[in-house]
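Q: Just work.pdb, nothing more (PDB, C-alpha atoms (C1' of nucleotides)):
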ATOM      1  CA  MET J  12       0.000   0.000   0.000
ATOM      2  CA  PRO J  13       2.385   2.632  -1.038
ATOM      3  CA  GLU J  14       1.449   6.047   0.223
ATOM      4  CA  LEU J  15       4.046   8.541   1.405
ATOM      5  CA  PRO J  16       5.170   6.564   4.504
ATOM      6  CA  GLU J  17       5.467   3.293   2.590
ATOM      7  CA  VAL J  18       7.364   4.931  -0.241
ATOM      8  CA  GLN J  19       9.635   6.672   2.256
ATOM      9  CA  THR J  20      10.244   3.354   4.028
ATOM     10  CA  THR J  21      11.198   1.841   0.693
ATOM     11  CA  VAL J  22      13.490   4.784  -0.078
ATOM     12  CA  ASN J  23      15.131   4.455   3.343
ATOM     13  CA  GLY J  24      15.791   0.794   2.604
ATOM     14  CA  LEU J  25      17.269   1.572  -0.790
ATOM     15  CA  ARG J  26      19.562   4.185   0.723
ATOM     16  CA  ARG J  27      20.742   1.588   3.159
ATOM     17  CA  HIS J  28      21.274  -1.281   0.751
ATOM     18  CA  VAL J  29      21.802  -0.237  -2.867
ATOM     19  CA  LEU J  30      23.870   2.958  -2.810
ATOM     20  CA  GLY J  31      27.049   2.410  -4.763
ATOM     21  CA  LYS J  32      25.757  -0.745  -6.461
ATOM     22  CA  LYS J  33      26.568  -1.037 -10.144
ATOM     23  CA  ILE J  34      23.948  -2.424 -12.522
ATOM     24  CA  ALA J  35      25.241  -5.480 -14.327
ATOM     25  CA  GLY J  36      22.045  -6.919 -15.773
ATOM     26  CA  VAL J  37      18.450  -6.074 -16.527
ATOM     27  CA  TRP J  38      15.548  -8.477 -17.045
ATOM     28  CA  THR J  39      11.847  -7.884 -17.503
ATOM     29  CA  SER J  40       8.805 -10.010 -18.253
ATOM     30  CA  TYR J  41       7.768  -7.476 -20.903
ATOM     31  CA  ASN J  42       4.146  -7.527 -19.944
ATOM     32  CA  SER J  43       3.491  -4.433 -17.898
ATOM     33  CA  PRO J  44       1.444  -1.926 -19.847
ATOM     34  CA  TYR J  45       2.454   0.861 -17.469
ATOM     35  CA  PHE J  46       6.145   0.356 -17.789
ATOM     36  CA  ALA J  47       7.513   3.652 -19.077
ATOM     37  CA  GLY J  48       4.045   5.082 -18.778
ATOM     38  CA  SER J  49       3.081   4.248 -22.312
ATOM     39  CA  GLY J  50       3.120   0.525 -22.756
ATOM     40  CA  THR J  51       6.319   0.679 -24.742
ATOM     41  CA  ILE J  52       8.039  -1.981 -22.670
ATOM     42  CA  LYS J  53       6.068  -4.488 -24.679
ATOM     43  CA  ASP J  54       8.256  -3.387 -27.531
ATOM     44  CA  PRO J  55      11.618  -5.158 -27.332
ATOM     45  CA  ALA J  56      13.263  -2.131 -28.941
ATOM     46  CA  TYR J  57      12.148   0.025 -26.040
ATOM     47  CA  PHE J  58      13.494  -2.470 -23.553
ATOM     48  CA  ARG J  59      16.856  -2.480 -25.262
ATOM     49  CA  THR J  60      16.975   1.297 -24.946
ATOM     50  CA  PHE J  61      16.012   1.081 -21.278
ATOM     51  CA  GLU J  62      18.678  -1.538 -20.710
ATOM     52  CA  LYS J  63      21.331   0.399 -22.585
ATOM     53  CA  GLN J  64      20.652   3.535 -20.557
ATOM     54  CA  ILE J  65      21.176   1.929 -17.172
ATOM     55  CA  LEU J  66      23.631  -0.943 -17.731
ATOM     56  CA  GLY J  67      26.967  -0.222 -16.129
ATOM     57  CA  ARG J  68      25.568   2.700 -14.137
ATOM     58  CA  THR J  69      26.054   3.074 -10.418
ATOM     59  CA  ILE J  70      23.333   4.166  -7.978
ATOM     60  CA  VAL J  71      24.517   7.383  -6.379
ATOM     61  CA  SER J  72      21.433   8.518  -4.432
ATOM     62  CA  VAL J  73      17.758   7.781  -3.883
ATOM     63  CA  ASP J  74      15.002  10.348  -3.415
ATOM     64  CA  ARG J  75      11.249  10.450  -2.999
ATOM     65  CA  ARG J  76       8.817  12.897  -4.580
ATOM     66  CA  ALA J  77       5.184  12.319  -3.544
ATOM     67  CA  LYS J  78       4.724   8.568  -4.074
ATOM     68  CA  ASN J  79       7.503   8.312  -6.655
ATOM     69  CA  ILE J  80      10.867   6.697  -5.994
ATOM     70  CA  LEU J  81      13.799   8.350  -7.740
ATOM     71  CA  ILE J  82      16.884   6.186  -8.130
ATOM     72  CA  ASN J  83      19.685   8.460  -9.315
ATOM     73  CA  LEU J  84      22.516   6.990 -11.357
ATOM     74  CA  ASP J  85      25.896   8.339 -12.260
ATOM     75  CA  GLY J  86      25.940   9.836 -15.713
ATOM     76  CA  GLY J  87      22.927  12.030 -14.965
ATOM     77  CA  LEU J  88      20.085   9.561 -15.358
ATOM     78  CA  THR J  89      17.315   8.671 -12.922
ATOM     79  CA  ILE J  90      15.091   5.604 -12.711
ATOM     80  CA  LEU J  91      11.605   6.674 -11.631
ATOM     81  CA  VAL J  92       9.419   4.016 -10.015
ATOM     82  CA  HIS J  93       5.804   4.530  -9.007
ATOM     83  CA  MET J  94       4.493   1.430  -7.224
ATOM     84  CA  LYS J  95       0.810   2.335  -7.675
ATOM     85  CA  MET J  96      -1.372  -0.266  -5.917
ATOM     86  CA  THR J  97       0.685  -3.402  -5.491
ATOM     87  CA  GLY J  98       4.259  -2.621  -6.498
ATOM     88  CA  HIS J  99       7.168  -3.664  -4.295
ATOM     89  CA  LEU J 100      10.874  -3.187  -4.621
ATOM     90  CA  LEU J 101      12.664  -6.138  -3.068
ATOM     91  CA  TYR J 102      16.377  -6.436  -2.498
ATOM     92  CA  GLY J 103      18.148  -9.721  -2.027
ATOM     93  CA  ARG J 104      19.737 -12.595  -3.839
ATOM     94  CA  TYR J 105      17.857 -14.254  -6.627
ATOM     95  CA  ARG J 106      18.796 -16.897  -9.111
ATOM     96  CA  PHE J 107      17.442 -17.457 -12.594
ATOM     97  CA  VAL J 108      15.533 -20.709 -13.079
ATOM     98  CA  ALA J 109      15.665 -21.508 -16.763
ATOM     99  CA  ASP J 110      12.880 -24.081 -16.782
ATOM    100  CA  LYS J 111      10.323 -21.675 -15.346
ATOM    101  CA  PRO J 112       9.695 -19.251 -18.181
ATOM    102  CA  LYS J 113       6.762 -17.593 -16.441
ATOM    103  CA  ASP J 114       8.393 -16.948 -13.077
ATOM    104  CA  PRO J 115      12.049 -17.566 -13.698
ATOM    105  CA  TRP J 116      13.471 -15.665 -10.761
ATOM    106  CA  GLN J 117      13.653 -17.501  -7.462
ATOM    107  CA  PRO J 118      14.985 -15.960  -4.260
ATOM    108  CA  ILE J 119      18.029 -17.530  -2.665
ATOM    109  CA  GLU J 120      17.814 -15.465   0.491
ATOM    110  CA  PRO J 121      16.378 -14.230   2.688
ATOM    111  CA  GLU J 122      13.489 -16.634   3.197
ATOM    112  CA  SER J 123      11.024 -13.770   3.560
ATOM    113  CA  LEU J 124      11.376 -12.955  -0.104
ATOM    114  CA  LYS J 125       9.553 -16.113  -1.147
ATOM    115  CA  ASP J 126       5.819 -16.006  -1.819
ATOM    116  CA  PRO J 127       3.654 -14.223  -2.654
ATOM    117  CA  PHE J 128       5.835 -11.650  -4.314
ATOM    118  CA  ASN J 129       8.118 -13.854  -6.278
ATOM    119  CA  ARG J 130       5.223 -14.864  -8.513
ATOM    120  CA  HIS J 131       4.828 -11.280  -9.669
ATOM    121  CA  VAL J 132       8.355 -10.126 -10.357
ATOM    122  CA  ARG J 133       8.176  -7.929 -13.471
ATOM    123  CA  LEU J 134      11.625  -6.393 -13.511
ATOM    124  CA  MET J 135      14.976  -7.487 -12.135
ATOM    125  CA  LEU J 136      18.156  -5.503 -11.828
ATOM    126  CA  THR J 137      21.285  -7.495 -11.091
ATOM    127  CA  PHE J 138      24.248  -5.759  -9.512
ATOM    128  CA  THR J 139      27.901  -6.535 -10.025
ATOM    129  CA  ASP J 140      28.148  -8.027  -6.520
ATOM    130  CA  GLY J 141      25.497 -10.635  -7.371
ATOM    131  CA  THR J 142      22.644  -9.073  -5.411
ATOM    132  CA  ASN J 143      19.385  -8.043  -7.096
ATOM    133  CA  LEU J 144      16.674  -5.445  -6.953
ATOM    134  CA  ALA J 145      13.296  -6.815  -8.062
ATOM    135  CA  LEU J 146      10.073  -5.041  -8.876
ATOM    136  CA  SER J 147       7.170  -7.257  -7.882
ATOM    137  CA  ASP J 148       3.780  -5.976  -8.972
ATOM    138  CA  MET J 149       0.733  -8.221  -8.977
ATOM    139  CA  ARG J 150      -1.644  -5.831 -10.691
ATOM    140  CA  LYS J 151       0.886  -4.465 -13.157
ATOM    141  CA  PHE J 152       0.025  -0.806 -12.593
ATOM    142  CA  ALA J 153       3.525   0.246 -11.578
ATOM    143  CA  LYS J 154       5.344   2.838 -13.624
ATOM    144  CA  VAL J 155       9.045   2.571 -14.380
ATOM    145  CA  LEU J 156      11.035   4.835 -16.633
ATOM    146  CA  VAL J 157      14.421   6.415 -17.111
ATOM    147  CA  ALA J 158      14.806  10.164 -17.446
ATOM    148  CA  ASP J 159      17.410  12.886 -17.279
ATOM    149  CA  THR J 160      18.002  13.653 -13.602
ATOM    150  CA  ARG J 161      18.023  17.404 -14.200
ATOM    151  CA  MET J 162      14.736  17.309 -16.056
ATOM    152  CA  ILE J 163      12.802  14.868 -13.919
ATOM    153  CA  HIS J 164      11.160  17.365 -11.583
ATOM    154  CA  THR J 165       9.805  19.426 -14.455
ATOM    155  CA  SER J 166       8.772  16.384 -16.486
ATOM    156  CA  ASP J 167       5.137  15.456 -16.955
ATOM    157  CA  HIS J 168       5.574  12.773 -14.314
ATOM    158  CA  LEU J 169       6.306  15.141 -11.436
ATOM    159  CA  ASP J 170       5.389  18.618 -12.600
ATOM    160  CA  GLY J 171       2.374  20.059 -10.870
ATOM    161  CA  ILE J 172       2.551  17.868  -7.773
ATOM    162  CA  GLY J 173       1.789  19.786  -4.588
ATOM    163  CA  PRO J 174       4.212  20.507  -1.739
ATOM    164  CA  GLU J 175       5.784  17.803   0.396
ATOM    165  CA  PRO J 176       3.937  17.824   3.717
ATOM    166  CA  LEU J 177       6.934  16.716   5.776
ATOM    167  CA  GLU J 178       9.333  19.320   4.456
ATOM    168  CA  ARG J 179      10.207  22.147   6.793
ATOM    169  CA  GLY J 180       8.594  24.885   4.745
ATOM    170  CA  PHE J 181       5.169  23.257   4.888
ATOM    171  CA  THR J 182       3.475  25.524   7.404
ATOM    172  CA  LEU J 183      -0.138  25.697   8.523
ATOM    173  CA  LYS J 184      -0.493  28.744   6.328
ATOM    174  CA  LYS J 185       0.700  26.839   3.261
ATOM    175  CA  PHE J 186      -1.552  23.915   4.092
ATOM    176  CA  ALA J 187      -4.539  26.258   4.261
ATOM    177  CA  GLU J 188      -3.553  27.884   0.975
ATOM    178  CA  CYS J 189      -3.301  24.509  -0.742
ATOM    179  CA  LEU J 190      -6.720  23.386   0.446
ATOM    180  CA  ALA J 191      -8.227  26.736  -0.485
ATOM    181  CA  ARG J 192      -7.601  25.926  -4.129
ATOM    182  CA  ARG J 193     -10.569  23.540  -3.898
ATOM    183  CA  PRO J 194     -13.054  25.412  -1.691
ATOM    184  CA  ASN J 195     -16.012  23.348  -2.890
ATOM    185  CA  GLY J 196     -14.190  20.033  -2.865
ATOM    186  CA  LYS J 197     -14.898  17.220  -0.454
ATOM    187  CA  ILE J 198     -12.061  17.295   2.048
ATOM    188  CA  LYS J 199     -11.162  13.638   1.697
ATOM    189  CA  GLN J 200     -10.755  13.913  -2.073
ATOM    190  CA  VAL J 201      -8.836  17.170  -1.787
ATOM    191  CA  LEU J 202      -6.393  15.632   0.711
ATOM    192  CA  MET J 203      -5.758  12.775  -1.705
ATOM    193  CA  ASP J 204      -5.260  15.043  -4.722
ATOM    194  CA  GLN J 205      -1.521  14.862  -5.416
ATOM    195  CA  ASN J 206      -1.616  18.258  -7.084
ATOM    196  CA  ILE J 207      -2.814  19.797  -3.814
ATOM    197  CA  ILE J 208      -0.603  17.938  -1.325
ATOM    198  CA  ALA J 209       1.948  15.240  -2.115
ATOM    199  CA  GLY J 210       1.782  11.744  -0.745
ATOM    200  CA  VAL J 211      -1.548  11.356   1.068
ATOM    201  CA  GLY J 212      -3.600   8.343  -0.020
ATOM    202  CA  ASN J 213      -6.685   6.526   1.178
ATOM    203  CA  ILE J 214      -5.440   5.189   4.505
ATOM    204  CA  TYR J 215      -3.636   8.287   5.720
ATOM    205  CA  ALA J 216      -6.496  10.548   4.588
ATOM    206  CA  ASP J 217      -8.977   8.567   6.692
ATOM    207  CA  GLU J 218      -6.649   8.485   9.686
ATOM    208  CA  SER J 219      -5.885  12.212   9.447
ATOM    209  CA  LEU J 220      -9.572  13.116   9.282
ATOM    210  CA  TRP J 221     -10.285  10.872  12.267
ATOM    211  CA  ARG J 222      -7.601  12.655  14.271
ATOM    212  CA  ALA J 223      -8.983  16.055  13.292
ATOM    213  CA  GLY J 224     -12.633  15.138  13.817
ATOM    214  CA  ILE J 225     -13.725  16.068  10.296
ATOM    215  CA  HIS J 226     -16.269  14.236   8.143
ATOM    216  CA  PRO J 227     -14.800  13.007   4.823
ATOM    217  CA  LEU J 228     -17.557  14.732   2.834
ATOM    218  CA  GLU J 229     -17.049  18.113   4.514
ATOM    219  CA  ARG J 230     -16.573  20.909   1.997
ATOM    220  CA  VAL J 231     -13.216  22.619   2.403
ATOM    221  CA  SER J 232     -14.737  26.089   2.788
ATOM    222  CA  HIS J 233     -16.920  24.839   5.656
ATOM    223  CA  ILE J 234     -14.020  23.759   7.829
ATOM    224  CA  PRO J 235     -13.520  26.217  10.715
ATOM    225  CA  PRO J 236      -9.978  27.450  11.493
ATOM    226  CA  ALA J 237      -9.597  25.345  14.625
ATOM    227  CA  LYS J 238     -10.440  22.176  12.717
ATOM    228  CA  LEU J 239      -8.113  23.183   9.920
ATOM    229  CA  THR J 240      -5.295  23.449  12.426
ATOM    230  CA  ALA J 241      -6.224  20.037  13.820
ATOM    231  CA  LEU J 242      -6.200  18.611  10.300
ATOM    232  CA  TYR J 243      -2.786  20.085   9.585
ATOM    233  CA  LYS J 244      -1.435  18.440  12.715
ATOM    234  CA  GLY J 245      -3.373  15.280  11.922
ATOM    235  CA  VAL J 246      -1.877  14.919   8.457
ATOM    236  CA  LEU J 247       1.670  15.548   9.633
ATOM    237  CA  SER J 248       1.463  13.311  12.701
ATOM    238  CA  THR J 249      -0.222  10.485  10.806
ATOM    239  CA  LEU J 250       2.394  10.494   8.063
ATOM    240  CA  LYS J 251       5.229  10.635  10.597
ATOM    241  CA  ASN J 252       3.710   7.782  12.583
ATOM    242  CA  GLY J 253       3.400   5.775   9.379
ATOM    243  CA  ILE J 254       7.116   6.213   8.696
ATOM    244  CA  ASP J 255       8.042   5.507  12.320
ATOM    245  CA  PHE J 256       6.170   2.198  12.171
ATOM    246  CA  GLY J 257       7.810   1.229   8.899
ATOM    247  CA  GLY J 258       4.704   1.691   6.762
ATOM    248  CA  ASP J 259       1.321  -0.002   6.632
ATOM    249  CA  SER J 260       1.094  -3.702   5.791
ATOM    250  CA  MET J 261      -2.641  -4.215   6.257
ATOM    251  CA  SER J 262      -2.596  -5.349   2.673
ATOM    252  CA  ASP J 263       0.632  -6.490   1.081
ATOM    253  CA  TYR J 264       3.179  -3.715   1.552
ATOM    254  CA  ARG J 265       6.672  -4.900   2.464
ATOM    255  CA  ASN J 266       9.930  -3.039   2.817
ATOM    256  CA  ILE J 267      12.773  -3.914   0.464
ATOM    257  CA  LEU J 268      13.826  -6.828   2.678
ATOM    258  CA  GLY J 269      10.310  -8.261   2.505
ATOM    259  CA  GLU J 270       9.431  -7.279   6.071
ATOM    260  CA  ARG J 271       6.063  -5.947   7.212
ATOM    261  CA  GLY J 272       5.430  -2.491   8.599
ATOM    262  CA  GLU J 273       3.330  -2.038  11.708
ATOM    263  CA  PHE J 274       1.074   0.935  11.060
ATOM    264  CA  GLN J 275      -1.919  -1.289  10.233
ATOM    265  CA  GLY J 276      -2.131  -2.042  13.950
ATOM    266  CA  LYS J 277      -2.536   1.670  14.682
ATOM    267  CA  HIS J 278      -5.581   2.360  12.518
ATOM    268  CA  GLN J 279      -8.405   4.208  14.208
ATOM    269  CA  ALA J 280     -10.686   4.462  11.187
ATOM    270  CA  TYR J 281      -9.426   2.727   8.049
ATOM    271  CA  ARG J 282     -11.189  -0.618   7.575
ATOM    272  CA  ARG J 283     -12.672  -0.544  11.070
ATOM    273  CA  THR J 284     -16.267  -0.398   9.793
ATOM    274  CA  GLY J 285     -18.794  -1.309  12.485
ATOM    275  CA  LEU J 286     -16.278  -1.182  15.313
ATOM    276  CA  LYS J 287     -16.407   1.220  18.253
ATOM    277  CA  CYS J 288     -14.501   4.475  17.937
ATOM    278  CA  ARG J 289     -11.411   4.379  20.111
ATOM    279  CA  LYS J 290     -11.341   8.089  20.866
ATOM    280  CA  PRO J 291     -11.627   8.345  24.655
ATOM    281  CA  GLY J 292     -15.195   9.064  25.739
ATOM    282  CA  CYS J 293     -16.494   9.195  22.173
ATOM    283  CA  GLY J 294     -18.795   6.195  22.034
ATOM    284  CA  GLY J 295     -19.242   6.468  18.268
ATOM    285  CA  THR J 296     -19.125   3.761  15.641
ATOM    286  CA  ILE J 297     -16.924   3.672  12.554
ATOM    287  CA  ARG J 298     -18.970   3.920   9.352
ATOM    288  CA  ARG J 299     -18.014   3.447   5.744
ATOM    289  CA  LEU J 300     -19.117   5.293   2.663
ATOM    290  CA  VAL J 301     -17.864   5.745  -0.866
ATOM    291  CA  VAL J 302     -16.290   9.078  -1.774
ATOM    292  CA  GLY J 303     -15.043   9.556  -5.292
ATOM    293  CA  GLY J 304     -15.014   5.835  -5.874
ATOM    294  CA  ARG J 305     -12.868   5.146  -2.804
ATOM    295  CA  SER J 306     -14.059   3.877   0.537
ATOM    296  CA  ALA J 307     -13.971   6.358   3.395
ATOM    297  CA  HIS J 308     -14.097   5.369   7.063
ATOM    298  CA  TYR J 309     -15.145   7.800   9.776
ATOM    299  CA  CYS J 310     -16.660   7.979  13.254
ATOM    300  CA  ASP J 311     -20.371   8.832  13.324
ATOM    301  CA  GLN J 312     -19.998  10.775  16.569
ATOM    302  CA  HIS J 313     -16.866  12.906  16.483
ATOM    303  CA  GLN J 314     -16.669  13.376  12.690
ATOM    304  CA  LYS J 315     -20.014  14.931  11.906
ATOM    305  CA  LEU J 316     -20.860  16.899   8.792
ATOM    306  CA  SER J 317     -21.445  20.556   9.556
ATOM    307  CA  ARG J 318     -24.941  21.770   8.634
ATOM    308  CA  LYS J 319     -24.379  24.916   6.682
TER     309      LYS J 319
ATOM    310  C1'  DT U  25     -20.279 -19.000  -9.178
ATOM    311  C1'  DG U  26     -20.386 -14.115  -9.115
ATOM    312  C1'  DC U  27     -19.550  -9.843  -7.700
ATOM    313  C1'  DA U  28     -17.789  -6.190  -4.688
ATOM    314  C1'  DG U  29     -13.683  -4.548  -3.022
ATOM    315  C1'  DT U  30      -8.362  -3.481  -2.917
ATOM    316  C1'  DG U  31      -3.203   0.834  -1.739
ATOM    317  C1'  DT U  32      -3.162   4.779  -7.425
ATOM    318  C1'  DT U  33      -3.549   7.304 -11.301
ATOM    319  C1'  DG U  34      -5.050   9.044 -15.870
ATOM    320  C1'  DC U  35      -8.318   9.408 -19.510
ATOM    321  C1'  DT U  36     -12.837  10.675 -21.193
ATOM    322  C1'  DT U  37     -16.959  13.201 -20.726
ATOM    323  C1'  DC U  38     -19.752  16.688 -19.276
TER     324       DC U  38
ATOM    325  C1'  DC H  26     -11.079  24.822 -15.203
ATOM    326  C1'  DG H  27     -13.030  20.991 -12.295
ATOM    327  C1'  DA H  28     -15.566  17.062 -11.020
ATOM    328  C1'  DA H  29     -17.223  12.424 -11.787
ATOM    329  C1'  DG H  30     -16.973   7.881 -13.646
ATOM    330  C1'  DC H  31     -14.455   4.361 -15.232
ATOM    331  C1'  DA H  32     -10.486   1.632 -16.849
ATOM    332  C1'  DA H  33      -5.925  -0.513 -16.280
ATOM    333  C1'  DC H  34      -5.021  -5.820 -13.708
ATOM    334  C1'  DA H  35      -4.966  -9.830 -10.472
ATOM    335  C1'  DC H  36      -6.547 -11.616  -6.597
ATOM    336  C1'  DT H  37      -9.466 -12.249  -2.118
ATOM    337  C1'  DG H  38     -13.500 -12.878   0.446
ATOM    338  C1'  DC H  39     -18.331 -13.048   1.165
TER     339       DC H  39
END
Could you rewrite the structure in this file as structure tokens?
A:
Amino acid sequence: MPELPEVQTTVNGLRRHVLGKKIAGVWTSYNSPYFAGSGTIKDPAYFRTFEKQILGRTIVSVDRRAKNILINLDGGLTILVHMKMTGHLLYGRYRFVADKPKDPWQPIEPESLKDPFNRHVRLMLTFTDGTNLALSDMRKFAKVLVADTRMIHTSDHLDGIGPEPLERGFTLKKFAECLARRPNGKIKQVLMDQNIIAGVGNIYADESLWRAGIHPLERVSHIPPAKLTALYKGVLSTLKNGIDFGGDSMSDYRNILGERGEFQGKHQAYRRTGLKCRKPGCGGTIRRLVVGGRSAHYCDQHQKLSRK
DNA sequence: TGCAGTGTTGCTTC
DNA sequence: CGAAGCAACACTGC
């Protein structure tokens, strides 16, 4: 479930394990329509270009922008990875099994890299020291491409994305200004709009709204200043907690060593439909409704819609 | 068996 | 411009 904290956890793992590694081999199963953002990976000619660009390059740094992972190589190129719904980057030792054309890569170690991810490896980078970086992606929505490092932030892939909520300059004032761009929007959808604020997805939106006591359907312009302040703190604290707990593995998120995060155990709203609200003295019940095609979870007592 | 639901995003339509 | 609906895909659970 890669939202900002999961992507950051992945980036932290990459910084720890793959800096300085030199790419010695590239393999892909050719069947991800979102590879390169345009389906071109199905074209062997595109893959050869991709391979040629990164072979022999060394990973010099790793960054995150919203939910995108930026793997910077020497020579001025960057591999951009967006994990979308089910993507995982997994680091370890794999070996190629020639008699398994569908799933040829098998992990040697650690044990935790076995199922279920191995079945869905779409891309494999092999480093000169024999270790590998795999992209596992069951639903094949992940985006992978190579771009000029200097141009990446102004490319179509990243241009227009809102400010990073955990960067120092992201003040309450800026938060309010961002939200004010969608005065008539439903707050939950506005929070999840990457062009408004970077990195908030379905889980962290629900948890932030629970902390702030705001109904997911509340119109932005109807939120009073005190609640806006609470939401600002709610978003920041929720995201930080998510990172501190190593991400959210309620579904299938794993860090690059295949280990679970722990934030799923801290949910107060997300997927707690029908359960009692845990806010002290609240007594409410968590309800679920659909907002913009996504499920929203909220407490029917302390997250009421304002009547205005 | 069938269908609703799953963490994200982008395209089409209005 | 923005908002809504749906599609991309594979799998799980009721």
Q: Would you write out, as CSV, a table of all residues in chain U that have an atom no more than 8 Å from an atom of chain J, listing for each the closest atom pair and the distance in Å to one decimal, considering only C-alpha atoms (C1' of nucleotides) and ordering rows by chain and rising residue number?
A:
residue,atom,partner,partner_atom,distance
U:DG31,C1',J:Met12,CA,3.7
U:DT32,C1',J:Lys95,CA,4.7
U:DT33,C1',J:Lys95,CA,7.5
Q: Taking all atoms listed in the file into account, report as a VMD selection string which residues of chain J lie within 8 Å of chain H.
A: chain J and resid 149 to 152 303
Q: Box for chain H - axis-aligned, 3 Å on each of the six sides, all listed atoms - centre and size in Å to one decimal, as lines of an AutoDock Vina configuration file.
A:
center_x = -11.6
center_y = 5.9
center_z = -7.8
size_x = 19.4
size_y = 43.9
size_z = 24.0
Q: Just the residues within 12 Å of stretch 62-67 of chain J, please, counting all atoms listed in the file, with nothing from its chain fewer than 2 positions along; format it as a VMD selection string.
A: chain J and resid 31 to 39 52 55 to 60 69 to 70 82 to 90 134 to 139 156 to 159
Q: Kindly save the residues from that selection, with C-alpha atoms included, as a PDB file, in the frame of the given file.
A:
ATOM      1  CA  GLY J  31      27.049   2.410  -4.763  1.00  0.00           C
ATOM      2  CA  LYS J  32      25.757  -0.745  -6.461  1.00  0.00           C
ATOM      3  CA  LYS J  33      26.568  -1.037 -10.144  1.00  0.00           C
ATOM      4  CA  ILE J  34      23.948  -2.424 -12.522  1.00  0.00           C
ATOM      5  CA  ALA J  35      25.241  -5.480 -14.327  1.00  0.00           C
ATOM      6  CA  GLY J  36      22.045  -6.919 -15.773  1.00  0.00           C
ATOM      7  CA  VAL J  37      18.450  -6.074 -16.527  1.00  0.00           C
ATOM      8  CA  TRP J  38      15.548  -8.477 -17.045  1.00  0.00           C
ATOM      9  CA  THR J  39      11.847  -7.884 -17.503  1.00  0.00           C
ATOM     10  CA  ILE J  52       8.039  -1.981 -22.670  1.00  0.00           C
ATOM     11  CA  PRO J  55      11.618  -5.158 -27.332  1.00  0.00           C
ATOM     12  CA  ALA J  56      13.263  -2.131 -28.941  1.00  0.00           C
ATOM     13  CA  TYR J  57      12.148   0.025 -26.040  1.00  0.00           C
ATOM     14  CA  PHE J  58      13.494  -2.470 -23.553  1.00  0.00           C
ATOM     15  CA  ARG J  59      16.856  -2.480 -25.262  1.00  0.00           C
ATOM     16  CA  THR J  60      16.975   1.297 -24.946  1.00  0.00           C
ATOM     17  CA  THR J  69      26.054   3.074 -10.418  1.00  0.00           C
ATOM     18  CA  ILE J  70      23.333   4.166  -7.978  1.00  0.00           C
ATOM     19  CA  ILE J  82      16.884   6.186  -8.130  1.00  0.00           C
ATOM     20  CA  ASN J  83      19.685   8.460  -9.315  1.00  0.00           C
ATOM     21  CA  LEU J  84      22.516   6.990 -11.357  1.00  0.00           C
ATOM     22  CA  ASP J  85      25.896   8.339 -12.260  1.00  0.00           C
ATOM     23  CA  GLY J  86      25.940   9.836 -15.713  1.00  0.00           C
ATOM     24  CA  GLY J  87      22.927  12.030 -14.965  1.00  0.00           C
ATOM     25  CA  LEU J  88      20.085   9.561 -15.358  1.00  0.00           C
ATOM     26  CA  THR J  89      17.315   8.671 -12.922  1.00  0.00           C
ATOM     27  CA  ILE J  90      15.091   5.604 -12.711  1.00  0.00           C
ATOM     28  CA  LEU J 134      11.625  -6.393 -13.511  1.00  0.00           C
ATOM     29  CA  MET J 135      14.976  -7.487 -12.135  1.00  0.00           C
ATOM     30  CA  LEU J 136      18.156  -5.503 -11.828  1.00  0.00           C
ATOM     31  CA  THR J 137      21.285  -7.495 -11.091  1.00  0.00           C
ATOM     32  CA  PHE J 138      24.248  -5.759  -9.512  1.00  0.00           C
ATOM     33  CA  THR J 139      27.901  -6.535 -10.025  1.00  0.00           C
ATOM     34  CA  LEU J 156      11.035   4.835 -16.633  1.00  0.00           C
ATOM     35  CA  VAL J 157      14.421   6.415 -17.111  1.00  0.00           C
ATOM     36  CA  ALA J 158      14.806  10.164 -17.446  1.00  0.00           C
ATOM     37  CA  ASP J 159      17.410  12.886 -17.279  1.00  0.00           C
TER      38      ASP J 159
END
Q: Quick one: residues within 7 Å of J:Gly285, only C-alpha atoms (C1' of nucleotides), excluding same-chain residues fewer than 6 positions away - as a list in words?
A: Thr296, Ile297 and Arg298 of chain J
